[in-house]
Amino acid sequence: MKQQVYNPYLPSWEYIPDGEPHIFGDRLYIYGSHDFFRGFVYCSGDYVCWSAPLSDLSDWRYEGVIYRKEQDPNNTDGEMTLFAPDAVQGMDGRYYLYYIPNRSRVVSVAVCDTPAGAYEFYGFVHYADGTLLGNREGDDPQFDPAVYREQDSLYLYTGFCFADDNTKKGPTVTKLASDMLTIVKDPMVIAPTACHENGTGFEGHAFFEAPSMRKHEDTYYFIYSSVHNRELCYATGPSPEGPFAYGGVILDNGDIGIGTYKNPDVLANLHCNNHGSIIEINKQWYIFYHRPTNGTQFSRQGCVEKIYWTPDGQIKQAEMTSCGLNDGPLKTGKEYEYPAYIACNLWNLDPDKQSDETQRPMISQDGNDGDELPGYVCNMVDGATAGFKYFSCKGISKIRITARGYMDGCFEVRTHLEGPVYASIPVTECNRWKSFTADCSIPDGIHAIYITHRGGRVPTLGWFSLF
């Protein structure tokens, strides 16, 4: 890659959750919903698309608005938002976008000659008699469509169910005809919801939302968000229709289950719902997911981690990092300055404050939605800690941080949450960004970097550099 890339993989002022990654030609495309900075509901914006060449995953290109919410014939006033979509190339070579506006029961489809739009409304998924999927007696309201094509067969996955709702049995797979709309095989439940999980093997990780389908070698992987909301799980089966057996957790955006640097039961972030999928890019597999910002679930950003398989086809749970699509750990030196918004852990080192979200730092930015201004980490109260992973450290003797706001203490630097302090950087209040430098004795090796504020006031952390 021409330059390093880190999480979030899109610019810090862009908010694209629910990302479904697809490779069309020689480019990687991301199809997701569209949150706003300081949003007050999920998915406020029109669908936009970003893409990157497979030869350089640091070179992301904004493709623009690919579909407007008012284009749906049931939403001409634009009052409904556009929830998570998915895209697929049809048998005719065109590209099809599947989506469901909030409050809609049916699956809408748009079409375009190119992957990145602009798309035009095409039709609704329906039974052979014309009845729309979702409107037939016994149908569940449709939600979170995902599509998977294998040669001349097309499969549609949908579903949503609260943990205490016993009226829905689980997500369904529906087989569609080559016209991309007509049902040729009725919906079939493929995984249980919480009220129906007993004896299924899905206990504790039953289906909630966000279905997606992928294939690895000869096995099909049904990816979904579980009743824990923040985790993406998978189930495996011999065909796109199953039967599926629970496999495990691919990623939890609170890092629950990861015990390499903390107690595995402790949340390492302000978590939110989760939605994404896996994909192989240049012989490396990744999981795409999203995280919250600005202390809300309505301003989510896309992130990505490498994933690895066991010899028997299981997926090891991935740890949240700052590296994302990068080829390896991030580099250090005077020429490398990192924005604080790439923090992958946000918490308070004081155990009495850890469970209080008001005492944790959070990622935010200045301006309004669409303003191309860099993100930062704010609410750095006493004990607030931003964690960054991982860095290749060699010969480090200094650290420089850039901060602003009311400051009367210092920033401490560690490589382990309970490890020694390798630098203490005194800071003074400033109404604009100001840099502070201190000696730093981090040993050589690949390390996490934890920056903790100690003091009675609440500064904002903007950038840092190790050299």
# chains A, B, ... in the order shown; residues from 1 in each chain; ligands from 1

$ select_by_dssp --residues "stretch 276-424 of chain A" --states "strand (DSSP E)" --output "ChimeraX atom specification"
/A:277-281,284-293,296-306,338-339,345-348,362-365,375-378,384-393,398-405,410-414,423-424

$ write_last_selection --atoms "C-alpha atoms" --output "tab-separated table (two decimals), in the first residue's frame"
chain	number	residue	atom	x	y	z
A	277	SER	CA	-19.52	-9.56	7.25
A	278	ILE	CA	-16.35	-11.39	6.29
A	279	ILE	CA	-14.45	-11.33	3.02
A	280	GLU	CA	-11.16	-12.57	1.55
A	281	ILE	CA	-8.96	-9.83	0.07
A	284	GLN	CA	-6.26	-12.49	3.77
A	285	TRP	CA	-9.68	-12.75	5.44
A	286	TYR	CA	-11.25	-9.80	7.28
A	287	ILE	CA	-14.31	-9.02	9.37
A	288	PHE	CA	-16.02	-5.67	8.69
A	289	TYR	CA	-18.02	-4.21	11.59
A	290	HIS	CA	-18.87	-0.86	13.20
A	291	ARG	CA	-18.29	1.10	16.40
A	292	PRO	CA	-20.13	4.00	18.10
A	293	THR	CA	-18.87	7.57	18.36
A	296	THR	CA	-24.38	7.59	20.88
A	297	GLN	CA	-25.41	4.61	18.77
A	298	PHE	CA	-26.62	6.96	16.04
A	299	SER	CA	-23.18	7.99	14.77
A	300	ARG	CA	-21.42	4.73	13.91
A	301	GLN	CA	-18.25	4.19	11.91
A	302	GLY	CA	-16.98	1.22	9.95
A	303	CYS	CA	-13.94	-0.72	11.15
A	304	VAL	CA	-12.25	-3.93	10.03
A	305	GLU	CA	-9.99	-6.61	11.52
A	306	LYS	CA	-8.03	-9.53	10.17
A	338	TYR	CA	-1.41	9.36	14.62
A	339	PRO	CA	-4.86	10.84	15.19
A	345	ASN	CA	-10.12	0.87	23.54
A	346	LEU	CA	-11.85	3.57	25.58
A	347	TRP	CA	-12.27	3.21	29.32
A	348	ASN	CA	-11.32	4.45	32.76
A	362	MET	CA	-15.31	9.03	23.58
A	363	ILE	CA	-14.53	9.75	19.94
A	364	SER	CA	-16.01	12.90	18.42
A	365	GLN	CA	-15.23	15.77	16.04
A	375	GLY	CA	-11.85	13.33	14.84
A	376	TYR	CA	-10.40	13.25	18.34
A	377	VAL	CA	-10.88	11.70	21.78
A	378	CYS	CA	-12.74	13.90	24.25
A	384	ALA	CA	-9.80	8.14	31.24
A	385	THR	CA	-7.70	5.96	28.94
A	386	ALA	CA	-7.47	5.67	25.18
A	387	GLY	CA	-5.85	2.50	23.87
A	388	PHE	CA	-4.17	2.07	20.47
A	389	LYS	CA	-3.00	-1.25	18.94
A	390	TYR	CA	-0.44	-2.12	17.73
A	391	PHE	CA	2.84	-0.30	17.09
A	392	SER	CA	6.27	-1.46	16.03
A	393	CYS	CA	8.54	0.26	18.55
A	398	LYS	CA	10.23	10.57	23.09
A	399	ILE	CA	6.48	10.97	22.82
A	400	ARG	CA	4.68	14.04	21.56
A	401	ILE	CA	0.97	14.55	22.16
A	402	THR	CA	-1.31	17.28	20.88
A	403	ALA	CA	-4.20	18.27	23.13
A	404	ARG	CA	-6.45	21.20	23.97
A	405	GLY	CA	-8.85	22.40	26.64
A	410	CYS	CA	-0.50	15.03	32.86
A	411	PHE	CA	-0.90	12.21	30.35
A	412	GLU	CA	0.63	8.87	31.31
A	413	VAL	CA	1.79	6.33	28.72
A	414	ARG	CA	1.77	2.56	29.20
A	423	ALA	CA	6.20	8.56	30.09
A	424	SER	CA	4.44	11.29	32.02

$ residues_around --residues "A:Pro73" --least-positions-apart "5" --cutoff "10 Å" --atoms "only C-alpha atoms" --output "PyMOL selection string"
chain A and resi 78+108+121+123

$ closest_residue --among "A:Ile258, A:Val189, A:Met320, A:Leu417" --to "A:Pro351" --atoms "only C-alpha atoms"
A:Leu417

$ atom_distance --atom1 "atom CA of A:Gly257" --atom2 "atom CA of A:Phe244"
22.6 Å

$ residues_around --residues "A:Gln4" --least-positions-apart "6" --cutoff "12 Å" --atoms "only C-alpha atoms" --output "list in words"
Asp56, Leu57, Ser58, Asp59, Ser322, Cys323, Gly324, Leu325, Asn326, Asp327, Gly328, Pro329, Leu330, Lys331, Thr332, Tyr336, Glu337, Tyr338 and Phe391 of chain A

$ closest_residue --among "A:Ala163, A:Val184, A:Leu97, A:Ala318" --to "A:Tyr148" --atoms "only C-alpha atoms"
A:Leu97

$ closest_atom_pairs --of "stretch 302-418 of chain A" --to "stretch 216-235 of chain A" --cutoff "10 Å" --atoms "only C-alpha atoms" --output "CSV"
residue,atom,partner,partner_atom,distance
A:Trp309,CA,A:His216,CA,9.8
A:Gly313,CA,A:Thr219,CA,8.0
A:Gln314,CA,A:Tyr234,CA,9.3
A:Ile315,CA,A:Tyr234,CA,8.4
A:Gln317,CA,A:Cys233,CA,9.2

$ residues_around --residues "A:Leu28" --least-positions-apart "4" --cutoff "7 Å" --atoms "only C-alpha atoms" --output "PDB file with N, CA and C atoms, in the first residue's frame"
ATOM      1  N   PRO A  21     -19.005  -5.782   2.680  1.00  0.00           N
ATOM      2  CA  PRO A  21     -17.920  -5.647   1.695  1.00  0.00           C
ATOM      3  C   PRO A  21     -18.109  -6.611   0.527  1.00  0.00           C
ATOM      4  N   HIS A  22     -17.888  -6.110  -0.686  1.00  0.00           N
ATOM      5  CA  HIS A  22     -17.972  -6.964  -1.879  1.00  0.00           C
ATOM      6  C   HIS A  22     -16.866  -6.579  -2.852  1.00  0.00           C
ATOM      7  N   ILE A  23     -16.330  -7.565  -3.538  1.00  0.00           N
ATOM      8  CA  ILE A  23     -15.336  -7.329  -4.588  1.00  0.00           C
ATOM      9  C   ILE A  23     -16.031  -7.460  -5.930  1.00  0.00           C
ATOM     10  N   PHE A  24     -15.975  -6.391  -6.708  1.00  0.00           N
ATOM     11  CA  PHE A  24     -16.455  -6.400  -8.087  1.00  0.00           C
ATOM     12  C   PHE A  24     -15.305  -5.931  -8.971  1.00  0.00           C
ATOM     13  N   SER A  51     -15.134   2.935  -2.298  1.00  0.00           N
ATOM     14  CA  SER A  51     -14.429   1.783  -2.858  1.00  0.00           C
ATOM     15  C   SER A  51     -12.930   2.017  -2.822  1.00  0.00           C
ATOM     16  N   ALA A  52     -12.188   0.921  -2.919  1.00  0.00           N
ATOM     17  CA  ALA A  52     -10.723   0.998  -2.940  1.00  0.00           C
ATOM     18  C   ALA A  52     -10.193  -0.061  -3.894  1.00  0.00           C
ATOM     19  N   PRO A  53      -9.084   0.212  -4.581  1.00  0.00           N
ATOM     20  CA  PRO A  53      -8.488  -0.814  -5.442  1.00  0.00           C
ATOM     21  C   PRO A  53      -7.920  -1.941  -4.592  1.00  0.00           C
ATOM     22  N   LEU A  54      -8.026  -3.173  -5.068  1.00  0.00           N
ATOM     23  CA  LEU A  54      -7.483  -4.300  -4.318  1.00  0.00           C
ATOM     24  C   LEU A  54      -5.969  -4.185  -4.157  1.00  0.00           C
TER      25      LEU A  54
END

$ closest_residue --among "A:Leu461, A:Val48, A:Met180, A:Ile100" --to "A:Thr81" --atoms "only C-alpha atoms"
A:Ile100

$ residues_around --residues "A:Met188" --least-positions-apart "6" --cutoff "9 Å" --atoms "only C-alpha atoms" --output "JSON, numbers by chain"
{"A": [171, 172, 173, 174, 241]}
